[in-house]
Amino acid sequence: VLMMKVSEEIAKYFPNAEIIELHHNHKFDAPSGTAKLTAEKIAAARTLHPDEDETKEGLPGVRGGKYEDIPIHSVRLPGYVAHQEVLFGGYGEILTVRHDSLDRKSFMPGVMLACHKVMKIPGLVYGLENYLK
């Protein structure tokens, strides 16, 4: 959630971004919901237009799937839990934000926060970021 918030802010200054997300080989979806939501937030926050990607793919899809010109690369391999990296590129510089969950226990603080706050907010609430206020 914090990575999404930070990426949303950075996108105002770095319109060129790519997302790499890595998960265990039993994950059902690709890209992950987190990667797609991160791309949505980056696209909505952009104030500048990204540079045109002039790369020609030697293999179809090698540049990843795209959400509004934001490539998302999904890796599924044994040994991973949940990892996401957002790379922002500018002229002569790169800014990288990365989050690594090395154990499923890392999700528990967010689950506990939602459990404590869910009854205090009326209606349907989608997204843990809504509980961080």
# chains A, B, ... in the order shown; residues from 1 in each chain; ligands from 1

call {"tool": "select_by_dssp", "arguments": {"residues": "chain A", "states": "helix (DSSP H, G or I)", "output": "PyMOL selection string"}}
result
chain A and resi 2-10+33-45+104-120+128-131

call {"tool": "closest_atom_pairs", "arguments": {"of": "segment 22-87 of chain A", "to": "segment 98-122 of chain A", "cutoff": "7 Å", "atoms": "only C-alpha atoms", "output": "CSV"}}
result
residue,atom,partner,partner_atom,distance
A:Val81,CA,A:Leu102,CA,5.9
A:Ala82,CA,A:Ser101,CA,5.2
A:His83,CA,A:Asp100,CA,4.5
A:Gln84,CA,A:His99,CA,5.4
A:Glu85,CA,A:Arg98,CA,4.2
A:Val86,CA,A:Arg98,CA,6.3

call {"tool": "select_by_dssp", "arguments": {"residues": "chain A", "states": "strand (DSSP E or B)", "output": "number ranges by chain"}}
result
A: 16-23, 65-67, 70-76, 82-90, 93-101

call {"tool": "atom_distance", "arguments": {"atom1": "atom CA of Glu21 of chain A", "atom2": "atom CA of Ile72 of chain A"}}
result
7.5 Å

call {"tool": "closest_residue", "arguments": {"among": "A:Lys41, A:Lys36, A:Arg63, A:Lys27", "to": "Lys12 of chain A", "atoms": "only C-alpha atoms"}}
result
A:Lys41

call {"tool": "residues_around", "arguments": {"residues": "Val62 of chain A", "least_positions_apart": "3", "cutoff": "12 Å", "atoms": "only C-alpha atoms", "output": "ChimeraX atom specification"}}
result
/A:55-59,65-66,71-75

call {"tool": "write_last_selection", "arguments": {"atoms": "all heavy atoms", "output": "mmCIF file, in the first residue's frame"}}
result
data_model
loop_
_atom_site.group_PDB
_atom_site.id
_atom_site.type_symbol
_atom_site.label_atom_id
_atom_site.label_comp_id
_atom_site.auth_asym_id
_atom_site.auth_seq_id
_atom_site.Cartn_x
_atom_site.Cartn_y
_atom_site.Cartn_z
ATOM 1 N N THR A 55 11.072 0.451 -28.604
ATOM 2 C CA THR A 55 11.646 -0.888 -28.609
ATOM 3 C C THR A 55 10.818 -1.806 -29.510
ATOM 4 O O THR A 55 9.598 -1.832 -29.418
ATOM 5 C CB THR A 55 11.684 -1.469 -27.186
ATOM 6 O OG1 THR A 55 12.391 -0.565 -26.349
ATOM 7 C CG2 THR A 55 12.330 -2.826 -27.156
ATOM 8 N N LYS A 56 11.493 -2.553 -30.354
ATOM 9 C CA LYS A 56 10.840 -3.564 -31.192
ATOM 10 C C LYS A 56 11.033 -4.921 -30.533
ATOM 11 O O LYS A 56 12.152 -5.341 -30.272
ATOM 12 C CB LYS A 56 11.434 -3.576 -32.608
ATOM 13 C CG LYS A 56 11.375 -2.224 -33.306
ATOM 14 C CD LYS A 56 9.943 -1.774 -33.515
ATOM 15 C CE LYS A 56 9.925 -0.422 -34.205
ATOM 16 N NZ LYS A 56 8.946 0.487 -33.676
ATOM 17 N N GLU A 57 9.938 -5.611 -30.266
ATOM 18 C CA GLU A 57 10.001 -6.903 -29.588
ATOM 19 C C GLU A 57 10.442 -7.999 -30.552
ATOM 20 O O GLU A 57 9.803 -8.220 -31.576
ATOM 21 C CB GLU A 57 8.639 -7.272 -29.002
ATOM 22 C CG GLU A 57 8.210 -6.395 -27.854
ATOM 23 C CD GLU A 57 6.873 -6.820 -27.268
ATOM 24 O OE1 GLU A 57 6.083 -7.477 -27.978
ATOM 25 O OE2 GLU A 57 6.631 -6.494 -26.105
ATOM 26 N N GLY A 58 11.518 -8.693 -30.201
ATOM 27 C CA GLY A 58 11.959 -9.846 -30.979
ATOM 28 C C GLY A 58 11.079 -11.056 -30.722
ATOM 29 O O GLY A 58 10.956 -11.940 -31.556
ATOM 30 N N LEU A 59 10.461 -11.090 -29.540
ATOM 31 C CA LEU A 59 9.493 -12.115 -29.161
ATOM 32 C C LEU A 59 8.241 -11.395 -28.671
ATOM 33 O O LEU A 59 8.340 -10.494 -27.837
ATOM 34 C CB LEU A 59 10.035 -12.993 -28.032
ATOM 35 C CG LEU A 59 11.251 -13.856 -28.333
ATOM 36 C CD1 LEU A 59 11.791 -14.484 -27.054
ATOM 37 C CD2 LEU A 59 10.883 -14.943 -29.335
ATOM 38 N N GLY A 65 3.010 -7.123 -20.314
ATOM 39 C CA GLY A 65 1.697 -6.594 -20.608
ATOM 40 C C GLY A 65 1.689 -5.119 -20.278
ATOM 41 O O GLY A 65 2.505 -4.656 -19.479
ATOM 42 N N LYS A 66 0.786 -4.365 -20.890
ATOM 43 C CA LYS A 66 0.798 -2.922 -20.643
ATOM 44 C C LYS A 66 -0.555 -2.438 -20.155
ATOM 45 O O LYS A 66 -1.590 -2.860 -20.636
ATOM 46 C CB LYS A 66 1.176 -2.164 -21.909
ATOM 47 C CG LYS A 66 2.621 -2.374 -22.296
ATOM 48 C CD LYS A 66 3.044 -1.468 -23.419
ATOM 49 C CE LYS A 66 4.511 -1.720 -23.723
ATOM 50 N NZ LYS A 66 5.016 -0.849 -24.754
ATOM 51 N N PRO A 71 4.456 -0.905 -18.768
ATOM 52 C CA PRO A 71 4.690 -2.348 -18.839
ATOM 53 C C PRO A 71 4.682 -2.982 -17.448
ATOM 54 O O PRO A 71 5.216 -2.429 -16.488
ATOM 55 C CB PRO A 71 6.089 -2.463 -19.459
ATOM 56 C CG PRO A 71 6.299 -1.166 -20.173
ATOM 57 C CD PRO A 71 5.582 -0.148 -19.329
ATOM 58 N N ILE A 72 4.039 -4.133 -17.370
ATOM 59 C CA ILE A 72 4.033 -4.931 -16.149
ATOM 60 C C ILE A 72 4.625 -6.288 -16.505
ATOM 61 O O ILE A 72 4.130 -6.968 -17.398
ATOM 62 C CB ILE A 72 2.616 -5.107 -15.575
ATOM 63 C CG1 ILE A 72 1.961 -3.751 -15.296
ATOM 64 C CG2 ILE A 72 2.663 -5.963 -14.314
ATOM 65 C CD1 ILE A 72 0.511 -3.850 -14.867
ATOM 66 N N HIS A 73 5.673 -6.657 -15.809
ATOM 67 C CA HIS A 73 6.352 -7.927 -16.025
ATOM 68 C C HIS A 73 6.038 -8.840 -14.850
ATOM 69 O O HIS A 73 6.287 -8.476 -13.701
ATOM 70 C CB HIS A 73 7.864 -7.715 -16.129
ATOM 71 C CG HIS A 73 8.254 -6.637 -17.084
ATOM 72 N ND1 HIS A 73 8.489 -6.879 -18.424
ATOM 73 C CD2 HIS A 73 8.435 -5.302 -16.908
ATOM 74 C CE1 HIS A 73 8.821 -5.742 -19.022
ATOM 75 N NE2 HIS A 73 8.782 -4.771 -18.124
ATOM 76 N N SER A 74 5.497 -10.016 -15.124
ATOM 77 C CA SER A 74 5.121 -10.962 -14.069
ATOM 78 C C SER A 74 6.048 -12.170 -14.101
ATOM 79 O O SER A 74 6.198 -12.805 -15.140
ATOM 80 C CB SER A 74 3.674 -11.423 -14.259
ATOM 81 O OG SER A 74 2.791 -10.338 -14.147
ATOM 82 N N VAL A 75 6.633 -12.480 -12.954
ATOM 83 C CA VAL A 75 7.496 -13.640 -12.800
ATOM 84 C C VAL A 75 6.826 -14.588 -11.815
ATOM 85 O O VAL A 75 6.347 -14.155 -10.769
ATOM 86 C CB VAL A 75 8.894 -13.221 -12.268
ATOM 87 C CG1 VAL A 75 9.770 -14.428 -12.004
ATOM 88 C CG2 VAL A 75 9.562 -12.255 -13.239
#

call {"tool": "atom_distance", "arguments": {"atom1": "atom CA of Ser32 of chain A", "atom2": "atom CA of Ile19 of chain A"}}
result
10.7 Å

call {"tool": "closest_residue", "arguments": {"among": "A:Met4, A:Leu77, A:Leu124, A:Ile94", "to": "Ala35 of chain A", "atoms": "only C-alpha atoms"}}
result
A:Met4

call {"tool": "closest_residue", "arguments": {"among": "A:Gly79, A:Leu132, A:Phe14, A:Val125", "to": "Glu93 of chain A", "atoms": "only C-alpha atoms"}}
result
A:Phe14

call {"tool": "atom_distance", "arguments": {"atom1": "atom CA of Ile10 of chain A", "atom2": "atom CA of Ala44 of chain A"}}
result
11.9 Å

call {"tool": "residues_around", "arguments": {"residues": "Asp69 of chain A", "least_positions_apart": "6", "cutoff": "9 Å", "atoms": "only C-alpha atoms", "output": "number ranges by chain"}}
result
A: 16-18, 43, 50, 52-53

call {"tool": "write_last_selection", "arguments": {"atoms": "N, CA and C atoms", "output": "mmCIF file, in the first residue's frame"}}
result
data_model
loop_
_atom_site.group_PDB
_atom_site.id
_atom_site.type_symbol
_atom_site.label_atom_id
_atom_site.label_comp_id
_atom_site.auth_asym_id
_atom_site.auth_seq_id
_atom_site.Cartn_x
_atom_site.Cartn_y
_atom_site.Cartn_z
ATOM 1 N N ASN A 16 7.689 7.977 -17.025
ATOM 2 C CA ASN A 16 8.092 6.679 -17.570
ATOM 3 C C ASN A 16 8.293 5.698 -16.428
ATOM 4 N N ALA A 17 7.520 4.619 -16.464
ATOM 5 C CA ALA A 17 7.577 3.640 -15.374
ATOM 6 C C ALA A 17 7.365 2.237 -15.908
ATOM 7 N N GLU A 18 7.934 1.287 -15.199
ATOM 8 C CA GLU A 18 7.698 -0.134 -15.457
ATOM 9 C C GLU A 18 7.573 -0.833 -14.118
ATOM 10 N N ALA A 43 -0.779 5.788 -13.704
ATOM 11 C CA ALA A 43 -1.371 6.382 -14.909
ATOM 12 C C ALA A 43 -2.266 7.569 -14.563
ATOM 13 N N PRO A 50 4.508 10.168 -20.986
ATOM 14 C CA PRO A 50 5.708 9.333 -21.048
ATOM 15 C C PRO A 50 6.348 9.396 -22.432
ATOM 16 N N GLU A 52 7.842 7.957 -25.810
ATOM 17 C CA GLU A 52 7.386 6.834 -26.612
ATOM 18 C C GLU A 52 8.386 5.692 -26.521
ATOM 19 N N ASP A 53 7.883 4.482 -26.337
ATOM 20 C CA ASP A 53 8.724 3.287 -26.282
ATOM 21 C C ASP A 53 8.952 2.823 -27.715
#

call {"tool": "decode", "arguments": {"residues": "segment 65-79 of chain A", "atoms": "all heavy atoms", "output": "mmCIF file, in the first residue's frame"}}
result
data_model
loop_
_atom_site.group_PDB
_atom_site.id
_atom_site.type_symbol
_atom_site.label_atom_id
_atom_site.label_comp_id
_atom_site.auth_asym_id
_atom_site.auth_seq_id
_atom_site.Cartn_x
_atom_site.Cartn_y
_atom_site.Cartn_z
ATOM 1 N N GLY A 65 3.010 -7.123 -20.314
ATOM 2 C CA GLY A 65 1.697 -6.594 -20.608
ATOM 3 C C GLY A 65 1.689 -5.119 -20.278
ATOM 4 O O GLY A 65 2.505 -4.656 -19.479
ATOM 5 N N LYS A 66 0.786 -4.365 -20.890
ATOM 6 C CA LYS A 66 0.798 -2.922 -20.643
ATOM 7 C C LYS A 66 -0.555 -2.438 -20.155
ATOM 8 O O LYS A 66 -1.590 -2.860 -20.636
ATOM 9 C CB LYS A 66 1.176 -2.164 -21.909
ATOM 10 C CG LYS A 66 2.621 -2.374 -22.296
ATOM 11 C CD LYS A 66 3.044 -1.468 -23.419
ATOM 12 C CE LYS A 66 4.511 -1.720 -23.723
ATOM 13 N NZ LYS A 66 5.016 -0.849 -24.754
ATOM 14 N N TYR A 67 -0.494 -1.539 -19.186
ATOM 15 C CA TYR A 67 -1.669 -0.804 -18.747
ATOM 16 C C TYR A 67 -1.354 0.660 -19.008
ATOM 17 O O TYR A 67 -0.447 1.217 -18.388
ATOM 18 C CB TYR A 67 -1.974 -1.031 -17.257
ATOM 19 C CG TYR A 67 -3.174 -0.240 -16.812
ATOM 20 C CD1 TYR A 67 -4.449 -0.749 -16.978
ATOM 21 C CD2 TYR A 67 -3.024 1.035 -16.293
ATOM 22 C CE1 TYR A 67 -5.559 -0.003 -16.612
ATOM 23 C CE2 TYR A 67 -4.133 1.787 -15.925
ATOM 24 C CZ TYR A 67 -5.391 1.261 -16.091
ATOM 25 O OH TYR A 67 -6.489 2.005 -15.749
ATOM 26 N N GLU A 68 -2.048 1.267 -19.959
ATOM 27 C CA GLU A 68 -1.819 2.666 -20.339
ATOM 28 C C GLU A 68 -0.327 2.976 -20.477
ATOM 29 O O GLU A 68 0.201 3.866 -19.826
ATOM 30 C CB GLU A 68 -2.501 3.603 -19.345
ATOM 31 C CG GLU A 68 -4.008 3.492 -19.397
ATOM 32 C CD GLU A 68 -4.708 4.692 -18.792
ATOM 33 O OE1 GLU A 68 -4.124 5.788 -18.736
ATOM 34 O OE2 GLU A 68 -5.871 4.522 -18.394
ATOM 35 N N ASP A 69 0.343 2.212 -21.315
ATOM 36 C CA ASP A 69 1.774 2.387 -21.618
ATOM 37 C C ASP A 69 2.696 2.102 -20.445
ATOM 38 O O ASP A 69 3.866 2.481 -20.477
ATOM 39 C CB ASP A 69 2.062 3.790 -22.177
ATOM 40 C CG ASP A 69 1.402 4.013 -23.528
ATOM 41 O OD1 ASP A 69 1.360 3.061 -24.325
ATOM 42 O OD2 ASP A 69 0.929 5.129 -23.779
ATOM 43 N N ILE A 70 2.220 1.450 -19.413
ATOM 44 C CA ILE A 70 3.074 1.056 -18.292
ATOM 45 C C ILE A 70 3.265 -0.459 -18.380
ATOM 46 O O ILE A 70 2.331 -1.216 -18.123
ATOM 47 C CB ILE A 70 2.451 1.438 -16.935
ATOM 48 C CG1 ILE A 70 2.236 2.942 -16.860
ATOM 49 C CG2 ILE A 70 3.337 0.944 -15.789
ATOM 50 C CD1 ILE A 70 1.388 3.389 -15.708
ATOM 51 N N PRO A 71 4.456 -0.905 -18.768
ATOM 52 C CA PRO A 71 4.690 -2.348 -18.839
ATOM 53 C C PRO A 71 4.682 -2.982 -17.448
ATOM 54 O O PRO A 71 5.216 -2.429 -16.488
ATOM 55 C CB PRO A 71 6.089 -2.463 -19.459
ATOM 56 C CG PRO A 71 6.299 -1.166 -20.173
ATOM 57 C CD PRO A 71 5.582 -0.148 -19.329
ATOM 58 N N ILE A 72 4.039 -4.133 -17.370
ATOM 59 C CA ILE A 72 4.033 -4.931 -16.149
ATOM 60 C C ILE A 72 4.625 -6.288 -16.505
ATOM 61 O O ILE A 72 4.130 -6.968 -17.398
ATOM 62 C CB ILE A 72 2.616 -5.107 -15.575
ATOM 63 C CG1 ILE A 72 1.961 -3.751 -15.296
ATOM 64 C CG2 ILE A 72 2.663 -5.963 -14.314
ATOM 65 C CD1 ILE A 72 0.511 -3.850 -14.867
ATOM 66 N N HIS A 73 5.673 -6.657 -15.809
ATOM 67 C CA HIS A 73 6.352 -7.927 -16.025
ATOM 68 C C HIS A 73 6.038 -8.840 -14.850
ATOM 69 O O HIS A 73 6.287 -8.476 -13.701
ATOM 70 C CB HIS A 73 7.864 -7.715 -16.129
ATOM 71 C CG HIS A 73 8.254 -6.637 -17.084
ATOM 72 N ND1 HIS A 73 8.489 -6.879 -18.424
ATOM 73 C CD2 HIS A 73 8.435 -5.302 -16.908
ATOM 74 C CE1 HIS A 73 8.821 -5.742 -19.022
ATOM 75 N NE2 HIS A 73 8.782 -4.771 -18.124
ATOM 76 N N SER A 74 5.497 -10.016 -15.124
ATOM 77 C CA SER A 74 5.121 -10.962 -14.069
ATOM 78 C C SER A 74 6.048 -12.170 -14.101
ATOM 79 O O SER A 74 6.198 -12.805 -15.140
ATOM 80 C CB SER A 74 3.674 -11.423 -14.259
ATOM 81 O OG SER A 74 2.791 -10.338 -14.147
ATOM 82 N N VAL A 75 6.633 -12.480 -12.954
ATOM 83 C CA VAL A 75 7.496 -13.640 -12.800
ATOM 84 C C VAL A 75 6.826 -14.588 -11.815
ATOM 85 O O VAL A 75 6.347 -14.155 -10.769
ATOM 86 C CB VAL A 75 8.894 -13.221 -12.268
ATOM 87 C CG1 VAL A 75 9.770 -14.428 -12.004
ATOM 88 C CG2 VAL A 75 9.562 -12.255 -13.239
ATOM 89 N N ARG A 76 6.780 -15.862 -12.144
ATOM 90 C CA ARG A 76 6.214 -16.883 -11.266
ATOM 91 C C ARG A 76 7.228 -18.011 -11.126
ATOM 92 O O ARG A 76 7.444 -18.773 -12.061
ATOM 93 C CB ARG A 76 4.893 -17.442 -11.842
ATOM 94 C CG ARG A 76 3.800 -16.397 -12.023
ATOM 95 C CD ARG A 76 3.280 -15.937 -10.674
ATOM 96 N NE ARG A 76 2.258 -14.919 -10.784
ATOM 97 C CZ ARG A 76 2.486 -13.605 -10.800
ATOM 98 N NH1 ARG A 76 3.721 -13.148 -10.755
ATOM 99 N NH2 ARG A 76 1.507 -12.745 -10.869
ATOM 100 N N LEU A 77 7.849 -18.108 -9.945
ATOM 101 C CA LEU A 77 8.862 -19.136 -9.695
ATOM 102 C C LEU A 77 8.776 -19.648 -8.266
ATOM 103 O O LEU A 77 8.444 -18.880 -7.350
ATOM 104 C CB LEU A 77 10.271 -18.552 -9.901
ATOM 105 C CG LEU A 77 10.712 -18.266 -11.324
ATOM 106 C CD1 LEU A 77 12.045 -17.516 -11.312
ATOM 107 C CD2 LEU A 77 10.841 -19.556 -12.112
ATOM 108 N N PRO A 78 9.101 -20.930 -8.062
ATOM 109 C CA PRO A 78 9.170 -21.442 -6.690
ATOM 110 C C PRO A 78 10.197 -20.644 -5.892
ATOM 111 O O PRO A 78 11.204 -20.201 -6.438
ATOM 112 C CB PRO A 78 9.641 -22.888 -6.865
ATOM 113 C CG PRO A 78 9.402 -23.226 -8.288
ATOM 114 C CD PRO A 78 9.457 -21.947 -9.057
ATOM 115 N N GLY A 79 9.921 -20.449 -4.620
ATOM 116 C CA GLY A 79 10.858 -19.743 -3.747
ATOM 117 C C GLY A 79 10.447 -18.315 -3.443
ATOM 118 O O GLY A 79 10.802 -17.784 -2.403
#
